[in-house]
file final_14.cif (mmCIF, C-alpha atoms)
data_work
#
loop_
_atom_site.label_atom_id
_atom_site.label_comp_id
_atom_site.auth_asym_id
_atom_site.auth_seq_id
_atom_site.Cartn_x
_atom_site.Cartn_y
_atom_site.Cartn_z
CA MET A 1 -128.64 8.56 -10.55
CA THR A 2 -129.73 6.05 -13.12
CA ALA A 3 -127.44 3.22 -14.12
CA THR A 4 -127.94 -0.22 -15.54
CA SER A 5 -126.94 -2.94 -13.14
CA SER A 6 -124.92 -5.91 -14.22
CA PRO A 7 -125.85 -9.50 -13.30
CA ALA A 8 -123.21 -9.35 -10.55
CA ASP A 9 -124.87 -6.24 -9.11
CA GLN A 10 -128.30 -7.87 -9.23
CA ALA A 11 -126.92 -10.91 -7.43
CA ASN A 12 -125.47 -8.75 -4.68
CA SER A 13 -127.97 -6.16 -3.53
CA THR A 14 -125.42 -4.39 -1.32
CA SER A 15 -123.20 -3.53 -4.29
CA PRO A 16 -123.29 0.05 -5.60
CA ASP A 17 -124.97 0.73 -8.93
CA THR A 18 -121.72 1.66 -10.65
CA ASP A 19 -119.56 -1.21 -11.95
CA PHE A 20 -115.98 -0.66 -10.73
CA THR A 21 -114.68 -4.04 -11.88
CA GLY A 22 -111.07 -3.86 -13.04
CA HIS A 23 -110.43 -0.42 -11.56
CA SER A 24 -107.35 0.57 -9.60
CA ILE A 25 -107.41 2.16 -6.16
CA LEU A 26 -104.91 3.77 -3.77
CA LEU A 27 -105.59 3.32 -0.04
CA VAL A 28 -103.78 5.70 2.31
CA ASP A 29 -104.26 5.25 6.05
CA ASP A 30 -101.81 5.06 8.95
CA SER A 31 -103.88 2.24 10.50
CA ILE A 32 -102.32 -0.93 9.10
CA VAL A 33 -105.30 -3.01 10.26
CA LEU A 34 -107.86 -0.88 8.40
CA ARG A 35 -105.62 -0.49 5.36
CA ASP A 36 -104.94 -4.22 5.02
CA ARG A 37 -108.60 -5.13 5.58
CA LEU A 38 -109.76 -2.72 2.88
CA ALA A 39 -106.95 -3.76 0.51
CA MET A 40 -107.94 -7.42 0.78
CA ALA A 41 -111.62 -6.64 0.24
CA PHE A 42 -110.90 -4.48 -2.83
CA GLN A 43 -108.60 -7.16 -4.29
CA GLU A 44 -111.37 -9.71 -3.88
CA ARG A 45 -113.53 -7.44 -6.05
CA GLY A 46 -110.97 -7.38 -8.84
CA PHE A 47 -109.24 -4.08 -8.04
CA ARG A 48 -105.55 -3.40 -8.53
CA VAL A 49 -104.68 -2.05 -5.06
CA ALA A 50 -101.84 0.23 -4.02
CA ALA A 51 -101.39 1.14 -0.35
CA ALA A 52 -99.46 3.66 1.71
CA SER A 53 -99.39 4.82 5.33
CA ASN A 54 -98.54 8.51 4.93
CA TYR A 55 -98.05 11.44 2.54
CA ASP A 56 -94.52 10.58 1.38
CA GLU A 57 -95.25 6.89 0.77
CA ALA A 58 -98.46 7.74 -1.10
CA VAL A 59 -96.75 10.24 -3.41
CA ALA A 60 -93.98 7.73 -4.22
CA VAL A 61 -96.46 4.90 -4.93
CA PHE A 62 -98.79 7.13 -6.97
CA ARG A 63 -95.92 8.57 -9.01
CA GLN A 64 -94.95 5.07 -10.18
CA GLU A 65 -98.49 4.16 -11.26
CA PRO A 66 -101.47 6.52 -10.71
CA THR A 67 -104.78 4.87 -9.84
CA GLU A 68 -108.31 5.66 -11.01
CA LEU A 69 -109.63 5.94 -7.43
CA ALA A 70 -107.96 7.00 -4.19
CA VAL A 71 -109.14 6.82 -0.56
CA LEU A 72 -107.20 9.18 1.70
CA ASP A 73 -107.29 9.31 5.49
CA LEU A 74 -107.72 12.89 6.67
CA ARG A 75 -105.53 12.58 9.76
CA MET A 76 -102.11 10.99 9.49
CA PRO A 77 -98.72 11.74 11.01
CA GLY A 78 -97.01 14.42 8.93
CA LYS A 79 -99.00 16.08 6.17
CA PRO A 80 -102.77 15.54 6.24
CA GLY A 81 -105.04 13.94 3.67
CA THR A 82 -106.08 17.33 2.28
CA ALA A 83 -102.47 18.20 1.43
CA LEU A 84 -102.03 14.77 -0.16
CA LEU A 85 -105.24 15.30 -2.13
CA GLN A 86 -103.88 18.51 -3.65
CA THR A 87 -100.55 16.88 -4.57
CA LEU A 88 -102.07 13.76 -6.12
CA ARG A 89 -104.70 15.77 -8.04
CA SER A 90 -101.92 17.81 -9.64
CA MET A 91 -100.26 14.53 -10.70
CA SER A 92 -103.45 12.92 -12.05
CA PRO A 93 -106.47 15.23 -12.55
CA THR A 94 -108.67 12.31 -13.70
CA THR A 95 -108.33 10.33 -10.45
CA LYS A 96 -111.40 10.38 -8.18
CA PHE A 97 -110.62 11.04 -4.51
CA LEU A 98 -112.51 10.18 -1.34
CA ILE A 99 -111.56 11.49 2.10
CA LEU A 100 -112.04 9.27 5.18
CA SER A 101 -112.06 10.69 8.68
CA GLY A 102 -112.56 9.29 12.16
CA PHE A 103 -113.62 12.76 13.29
CA GLY A 104 -116.19 14.07 10.82
CA SER A 105 -117.03 17.76 10.78
CA ILE A 106 -119.09 19.63 8.22
CA SER A 107 -116.39 22.28 7.74
CA THR A 108 -113.75 19.63 7.04
CA ALA A 109 -116.06 17.85 4.60
CA ILE A 110 -116.70 21.10 2.74
CA ASP A 111 -112.95 21.83 2.64
CA ALA A 112 -112.26 18.36 1.20
CA ILE A 113 -114.90 18.81 -1.53
CA ARG A 114 -113.62 22.32 -2.30
CA MET A 115 -110.12 20.88 -2.78
CA GLY A 116 -111.40 18.30 -5.27
CA ALA A 117 -112.53 15.25 -3.31
CA ILE A 118 -115.58 13.57 -4.83
CA ASN A 119 -116.98 12.78 -1.37
CA PHE A 120 -116.19 12.66 2.35
CA LEU A 121 -116.96 9.60 4.46
CA PRO A 122 -116.79 9.22 8.24
CA LYS A 123 -115.09 6.14 9.69
CA PRO A 124 -115.71 3.31 10.16
CA ALA A 125 -116.34 2.58 6.49
CA ASP A 126 -116.30 -0.70 4.60
CA VAL A 127 -115.83 -1.43 0.90
CA ASP A 128 -119.55 -1.06 0.09
CA ASP A 129 -119.67 2.33 1.88
CA ILE A 130 -116.64 3.52 -0.10
CA LEU A 131 -117.87 2.29 -3.49
CA ASN A 132 -121.32 3.76 -2.86
CA ALA A 133 -119.72 7.11 -1.96
CA PHE A 134 -117.70 7.05 -5.20
CA ALA A 135 -120.84 6.10 -7.16
CA ARG A 136 -122.84 8.98 -5.65
CA GLY A 137 -120.06 11.49 -6.07
CA GLY A 138 -120.73 14.82 -4.38
CA SER A 139 -124.50 14.53 -4.84
CA GLU A 140 -124.99 13.24 -1.30
CA LEU A 141 -122.25 14.43 1.02
CA GLU A 142 -121.57 11.92 3.79
CA VAL A 143 -121.40 14.11 6.88
CA PRO A 144 -122.66 13.00 10.28
CA GLN A 145 -126.14 14.23 11.25
CA PRO A 146 -126.49 16.27 14.47
CA GLU A 147 -128.75 13.63 16.08
CA GLU A 148 -125.98 11.03 15.77
CA ASN A 149 -124.51 12.30 19.06
CA ILE A 150 -121.04 13.15 17.71
CA PRO A 151 -118.51 13.62 20.51
CA VAL A 152 -117.25 17.18 20.89
CA PRO A 153 -113.62 17.37 19.73
CA THR A 154 -110.98 17.92 22.37
CA LEU A 155 -108.87 21.06 22.29
CA ALA A 156 -105.97 18.98 20.91
CA GLN A 157 -108.17 17.60 18.09
CA ALA A 158 -109.48 21.06 17.19
CA GLU A 159 -105.92 22.45 17.16
CA TRP A 160 -104.72 19.52 15.02
CA GLU A 161 -107.50 20.05 12.49
CA HIS A 162 -106.89 23.83 12.35
CA ILE A 163 -103.12 23.43 11.88
CA HIS A 164 -103.59 20.92 9.06
CA ARG A 165 -106.22 23.05 7.35
CA ILE A 166 -103.80 26.02 7.34
CA LEU A 167 -100.97 23.75 6.15
CA ALA A 168 -103.16 22.49 3.29
CA ASP A 169 -104.06 26.09 2.36
CA CYS A 170 -100.32 26.81 2.18
CA GLY A 171 -99.72 23.83 -0.11
CA GLY A 172 -97.65 22.05 2.55
CA ASN A 173 -95.26 25.01 3.02
CA ILE A 174 -94.32 24.80 6.72
CA SER A 175 -92.70 28.25 6.91
CA GLU A 176 -95.77 29.97 5.47
CA ALA A 177 -98.13 27.92 7.65
CA ALA A 178 -96.10 28.83 10.77
CA ARG A 179 -96.27 32.52 9.77
CA ARG A 180 -100.07 32.36 9.37
CA LEU A 181 -100.46 30.49 12.66
CA GLY A 182 -98.22 32.95 14.48
CA ILE A 183 -95.84 30.32 15.82
CA HIS A 184 -92.19 29.47 15.24
CA ARG A 185 -91.40 27.08 12.39
CA ARG A 186 -89.71 24.61 14.78
CA SER A 187 -92.76 24.62 17.07
CA LEU A 188 -94.97 23.75 14.10
CA GLN A 189 -92.60 20.96 13.03
CA ARG A 190 -92.75 19.50 16.56
CA LYS A 191 -96.56 19.55 16.49
CA LEU A 192 -96.60 17.88 13.06
CA ARG A 193 -94.35 15.05 14.24
CA LYS A 194 -96.85 14.10 16.94
CA ARG A 195 -99.47 11.48 16.24
CA ALA A 196 -102.97 12.80 15.57
CA PRO A 197 -104.98 13.13 18.84
#
call {"tool": "encode", "arguments": {"input": "final_14.cif", "output": "structure tokens"}}
result
Amino acid sequence: MTATSSPADQANSTSPDTDFTGHSILLVDDSIVLRDRLAMAFQERGFRVAAASNYDEAVAVFRQEPTELAVLDLRMPGKPGTALLQTLRSMSPTTKFLILSGFGSISTAIDAIRMGAINFLPKPADVDDILNAFARGGSELEVPQPEENIPVPTLAQAEWEHIHRILADCGGNISEAARRLGIHRRSLQRKLRKRAP
């Protein structure tokens, strides 16, 4: 990707090539520590920052004032980041979305891109990582390499990811997701109320 760098970019070699000065960003993560740290760092770079901790909060905040960029945590209590991605994209097709996940898998990354995310980034990620991922777009998918010794997911983590993938495919419809999973609707609701493993 070729881009002209501004004097600010030349002064700071860790900055991405794309100038995001003055942009707006939505940060959605149930970790208040990570969310506040990122929010402060983005504000220091001149961003208008909106923040939310889950699907419902994010939709309410985004409805009031859509942002140009959005960083969505994949795993949150309630509906997952992929379901939120679909909802927010329908509200603002021009917004660029990035999915963050503490448990990165190639299949999840591909699902996120297929649903309209510009990139997928494993945690931990800082502001430079996020801006670089937005600048690259989907040209260089950020998925962990096999030699990075990724821990094998537990059965609970694999179940959580599968349930949320089905829920996203059903557009957040719990009854339809329960039918596809072959479990009772109430059982699915109980699983969704639990914190991500």
call {"tool": "residues_near_point", "arguments": {"input": "final_14.cif", "point": "(-107.1, 1.7, -15.3)", "cutoff": "12 Å", "atoms": "only C-alpha atoms", "output": "MDAnalysis selection string"}}
result
chainID A and resid 20:26 46:49 65:69 94:95
call {"tool": "residues_around", "arguments": {"input": "final_14.cif", "residues": "A:Lys191", "least_positions_apart": "4", "cutoff": "9 Å", "atoms": "all atoms listed in the file", "output": "short mmCIF file (atom, residue, chain, number, x, y, z; two decimals) with C-alpha atoms, in the frame of the given file"}}
result
data_model
loop_
_atom_site.label_atom_id
_atom_site.label_comp_id
_atom_site.auth_asym_id
_atom_site.auth_seq_id
_atom_site.Cartn_x
_atom_site.Cartn_y
_atom_site.Cartn_z
CA TRP A 160 -104.72 19.52 15.02
CA ILE A 163 -103.12 23.43 11.88
CA ARG A 186 -89.71 24.61 14.78
CA SER A 187 -92.76 24.62 17.07
CA ARG A 195 -99.47 11.48 16.24
#
call {"tool": "atom_distance", "arguments": {"input": "final_14.cif", "atom1": "atom CA of A:Asp56", "atom2": "atom CA of A:Lys79"}}
result
8.6 Å
call {"tool": "atom_distance", "arguments": {"input": "final_14.cif", "atom1": "atom CA of A:Ser90", "atom2": "atom CA of A:Arg63"}}
result
11.0 Å
call {"tool": "closest_residue", "arguments": {"input": "final_14.cif", "among": "A:Met40, A:Leu121, A:Met91, A:Ala135", "to": "A:Asp73", "atoms": "all atoms listed in the file"}}
result
A:Leu121
call {"tool": "residues_around", "arguments": {"input": "final_14.cif", "residues": "stretch 176-183 of chain A", "least_positions_apart": "6", "cutoff": "7 Å", "atoms": "only C-alpha atoms", "output": "list of chain:residue names"}}
result
A:Ile166, A:Leu167, A:Cys170
call {"tool": "resolve_selection", "arguments": {"input": "final_14.cif", "expression": "the PyMOL selection byres ((chain A and resi 114) around 12)", "output": "ChimeraX atom specification"}}
result
/A:82,85-86,97,99,107-113,115-120,138,168-169
call {"tool": "atom_distance", "arguments": {"input": "final_14.cif", "atom1": "atom CA of A:Arg136", "atom2": "atom CA of A:Leu27"}}
result
19.0 Å
call {"tool": "closest_residue", "arguments": {"input": "final_14.cif", "among": "A:Asp126, A:Phe134, A:Asp29, A:Arg190", "to": "A:Ala41", "atoms": "only C-alpha atoms"}}
result
A:Asp126
call {"tool": "closest_residue", "arguments": {"input": "final_14.cif", "among": "A:Leu100, A:Asp30, A:Ala58, A:Ile174", "to": "A:Asp129", "atoms": "only C-alpha atoms"}}
result
A:Leu100
call {"tool": "axis_aligned_box", "arguments": {"input": "final_14.cif", "around": "stretch 25-29 of chain A", "padding_each_side": "8 Å", "output": "lines of an AutoDock Vina configuration file"}}
result
center_x = -105.6
center_y = 3.9
center_z = -0.1
size_x = 19.6
size_y = 19.5
size_z = 28.2
call {"tool": "closest_residue", "arguments": {"input": "final_14.cif", "among": "A:Val127, A:Phe42, A:Leu74, A:Arg89", "to": "A:Gly102", "atoms": "all atoms listed in the file"}}
result
A:Leu74
call {"tool": "decode", "arguments": {"input": "final_14.cif", "residues": "stretch 54-100 of chain A", "atoms": "C-alpha atoms", "output": "PDB file, in the first residue's frame"}}
result
ATOM      1  CA  ASN A  54     -21.885  -5.098  25.316  1.00  0.00           C
ATOM      2  CA  TYR A  55     -24.219  -5.470  22.333  1.00  0.00           C
ATOM      3  CA  ASP A  56     -27.143  -3.438  23.702  1.00  0.00           C
ATOM      4  CA  GLU A  57     -25.005  -0.527  24.904  1.00  0.00           C
ATOM      5  CA  ALA A  58     -23.109  -0.438  21.608  1.00  0.00           C
ATOM      6  CA  VAL A  59     -26.284  -0.342  19.494  1.00  0.00           C
ATOM      7  CA  ALA A  60     -27.718   2.488  21.627  1.00  0.00           C
ATOM      8  CA  VAL A  61     -24.493   4.538  21.447  1.00  0.00           C
ATOM      9  CA  PHE A  62     -24.018   3.919  17.718  1.00  0.00           C
ATOM     10  CA  ARG A  63     -27.633   4.795  16.927  1.00  0.00           C
ATOM     11  CA  GLN A  64     -27.171   8.256  18.463  1.00  0.00           C
ATOM     12  CA  GLU A  65     -23.997   9.002  16.488  1.00  0.00           C
ATOM     13  CA  PRO A  66     -22.384   6.417  14.157  1.00  0.00           C
ATOM     14  CA  THR A  67     -18.582   6.404  14.041  1.00  0.00           C
ATOM     15  CA  GLU A  68     -16.204   6.009  11.101  1.00  0.00           C
ATOM     16  CA  LEU A  69     -14.315   3.145  12.776  1.00  0.00           C
ATOM     17  CA  ALA A  70     -15.411   0.488  15.263  1.00  0.00           C
ATOM     18  CA  VAL A  71     -13.417  -2.053  17.290  1.00  0.00           C
ATOM     19  CA  LEU A  72     -15.580  -4.926  18.528  1.00  0.00           C
ATOM     20  CA  ASP A  73     -14.612  -7.608  21.029  1.00  0.00           C
ATOM     21  CA  LEU A  74     -15.577 -11.032  19.715  1.00  0.00           C
ATOM     22  CA  ARG A  75     -16.537 -12.519  23.077  1.00  0.00           C
ATOM     23  CA  MET A  76     -18.810 -10.591  25.408  1.00  0.00           C
ATOM     24  CA  PRO A  77     -21.676 -11.555  27.699  1.00  0.00           C
ATOM     25  CA  GLY A  78     -24.871 -11.746  25.647  1.00  0.00           C
ATOM     26  CA  LYS A  79     -24.610 -11.409  21.886  1.00  0.00           C
ATOM     27  CA  PRO A  80     -21.112 -11.748  20.401  1.00  0.00           C
ATOM     28  CA  GLY A  81     -19.091  -9.265  18.379  1.00  0.00           C
ATOM     29  CA  THR A  82     -20.073 -10.925  15.102  1.00  0.00           C
ATOM     30  CA  ALA A  83     -23.780 -10.322  15.792  1.00  0.00           C
ATOM     31  CA  LEU A  84     -22.994  -6.724  16.752  1.00  0.00           C
ATOM     32  CA  LEU A  85     -20.981  -6.339  13.552  1.00  0.00           C
ATOM     33  CA  GLN A  86     -23.976  -7.346  11.437  1.00  0.00           C
ATOM     34  CA  THR A  87     -26.320  -4.975  13.289  1.00  0.00           C
ATOM     35  CA  LEU A  88     -23.993  -1.965  13.148  1.00  0.00           C
ATOM     36  CA  ARG A  89     -23.135  -2.569   9.478  1.00  0.00           C
ATOM     37  CA  SER A  90     -26.839  -2.432   8.623  1.00  0.00           C
ATOM     38  CA  MET A  91     -27.041   0.917  10.457  1.00  0.00           C
ATOM     39  CA  SER A  92     -23.912   2.408   8.839  1.00  0.00           C
ATOM     40  CA  PRO A  93     -22.494   0.558   5.790  1.00  0.00           C
ATOM     41  CA  THR A  94     -19.578   3.027   5.496  1.00  0.00           C
ATOM     42  CA  THR A  95     -18.166   2.302   8.972  1.00  0.00           C
ATOM     43  CA  LYS A  96     -14.992   0.176   9.022  1.00  0.00           C
ATOM     44  CA  PHE A  97     -15.046  -2.645  11.578  1.00  0.00           C
ATOM     45  CA  LEU A  98     -12.240  -4.523  13.313  1.00  0.00           C
ATOM     46  CA  ILE A  99     -12.793  -7.617  15.454  1.00  0.00           C
ATOM     47  CA  LEU A 100     -10.601  -8.214  18.534  1.00  0.00           C
TER      48      LEU A 100
END
